[in-house]
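Everything below concerns the one structure shown next.
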Amino acid sequence: MKLLMLLAGLLLSVPVAEAQILERLGKRVKRKVEERIERKTDEAVEKGLDKVEDAADGKGDERTQQAPGNTPKEDHAAGTAGGPGNAGSPDQGDKTLNVYSKFDFVPGDRILFYDDFATDHTGDFPSKWNTNASGEVVEFGEDGEKYFQLMGGALYLPILDGPLPEEYTVEFDLKTTGLDEKISSTAYLDFILDENATFQRGSKRVAASLSFCQFISNGLVLASYGGSMGTINNTVEEDYRKAMAAGPRISVAVNRKRFRLWINERKMVDVPTFMPPGASYLKLALRGFDTDYRQMKVYIGNVKIAAGGIDLRNELISKGRWTTHGILFDVGSAKVRPESYGVLREIATVLKQNPDIRVRIIGHTDADGAEELNLKLSGERAAAVRGVLAKEFEIAEDRMEADGKGESQPVADNDTPEGKAKNRRVEFVKR
């Protein structure tokens, strides 16, 4: 609608003869306007990202809160469709990539659940979740990015086809508003893996509790019940208050009994024998939210659950092809996000161990946006991945070829969030 209004304004601001020329240009004018809008949007995104990075590095006031409405929209799926904008080169991402140099999280390769709440109406409870209380989808910013607002004292369950497999990953954005030094030390988000999909706590379960407290470092509380090691109840003494204030990305990996959790790039938990048998249902809960600090609100967004366990070396060497959804880019840009470091390191390791292998890196998008822009963007993103592997991991450039297919080779429908997430991907094909 905004695009149509802009076109109408253009037509009204020129003489009749020129307007007729513009009308004849048709699709070309529309494409140019789209590109200009994309460029302006990306400029705003870059400025917002700079502010978020400053907060994470401690350059801002510790008590400054990044509300979702002031946080730039991020792209948490490989190859997201959109215009090229100010397509970032690998050099632009060097500093933030280096911050993540110890980040070894590798997301699962088969998406089981994805929800960015884009198809839900603002004010409604999201259609792919269940609860014993309430919650609603809210919208922030001019671009209308959506988050799921959680309520204190409630349990929230993503609706899945069945229990989670033995190996999987979970990722989501965590945002707050009203977070300040008055927030109680009893305020937590519980990440729970339980033996049942009900609103009752099972006898076999684990929980990792993230503190919202800002006036003291409260650590991260771990609890496990019903496992071979008996009951575990411990606190990881790490200070992550700034990350919680800025709005972190939470990443979890479960590999049979092993449980790992990252807050942004920091690995907070790595316990080899933490998981009890059968604790295969995800639940989220807020607790400790009293009437004294109801001004604080908690939101989650860009939730992804993916099955893991695929041997990258076997897939690439034996089968000749490996696909990942874990290489991430800034929205409408080819700038590789630092959260991609774990996946890139895995790929680089395979290439270093097999020096005779040459690969074609292929970028894919979903069908959102203009087809020509998607094609261009997918090629730029493949080239950016090639550049990062060459510069950061010292893989010879002549071993890698970059290509983009845009939206032309979907592996799923483009009508659902899961389908779009599956289509946004990067492939490595042995040459």
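Scheme for the structure tokens: letters A, B, ... for chains in order shown; per-chain residue numbers from 1; ligand numbers from 1 in order shown.
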Hey, could you make a per-residue contact list for range 88-201 of chain A against range 418-428 of chain A with 10 Å as the cut-off, showing the nearest pair of atoms and its distance in Å to one decimal, counting only C-alpha atoms, sorted by chain and number, as a tab-separated table?
residue	atom	partner	partner_atom	distance
A:Asp109	CA	A:Lys422	CA	9.5
A:Arg110	CA	A:Lys422	CA	8.2
A:Ile111	CA	A:Lys422	CA	6.8
A:Leu112	CA	A:Glu418	CA	7.9
A:Phe113	CA	A:Glu418	CA	6.5
A:Tyr114	CA	A:Glu418	CA	5.1
A:Asp115	CA	A:Glu418	CA	7.2
A:Asp116	CA	A:Glu418	CA	9.4
Out of range 142-314 of chain A, which residues get strand (DSSP E or B) from DSSP, as a PyMOL selection string?
chain A and resi 145-150+152+155-158+167-177+188-194+205-211+220-227+230-236+249-255+258-263+266-271+281-287+297-307
For a quick check of understanding, using only C-alpha atoms, which of A:Phe148, A:Phe215, A:Glu397, A:Ala223 has the smallest distance to Lys182 in chain A?
A:Phe215
Within 8 Å of range 197-213 of chain A, which residues of range 227-300 of chain A show up? Give each one with its shortest atom-to-atom distance in Å (one decimal) and the two atoms involved, counting only C-alpha atoms, rows by chain then rising residue number, as a tab-separated table.
residue	atom	partner	partner_atom	distance
A:Gly227	CA	A:Lys204	CA	7.0
A:Arg241	CA	A:Cys213	CA	7.2
A:Met244	CA	A:Phe212	CA	6.7
A:Phe274	CA	A:Val206	CA	7.7
A:Met275	CA	A:Val206	CA	6.8
A:Pro276	CA	A:Lys204	CA	6.1
A:Pro277	CA	A:Lys204	CA	7.3
A:Gly278	CA	A:Lys204	CA	7.2
A:Ala279	CA	A:Arg205	CA	5.4
A:Tyr281	CA	A:Ala197	CA	5.8
A:Leu282	CA	A:Ala197	CA	7.9
Who sits within 9 Å of Val236 in chain A, only C-alpha atoms, same chain under 3 positions skipped, as a PyMOL selection string:
chain A and resi 218-222+268-269
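Within the 7 Å cut-off around Tyr147 in chain A, using only C-alpha atoms and omitting residues fewer than 4 positions from it on the same chain, the listed residues are Phe117, Val137, Val138, Glu139, Tyr299, Ile300 and Gly301 of chain A.
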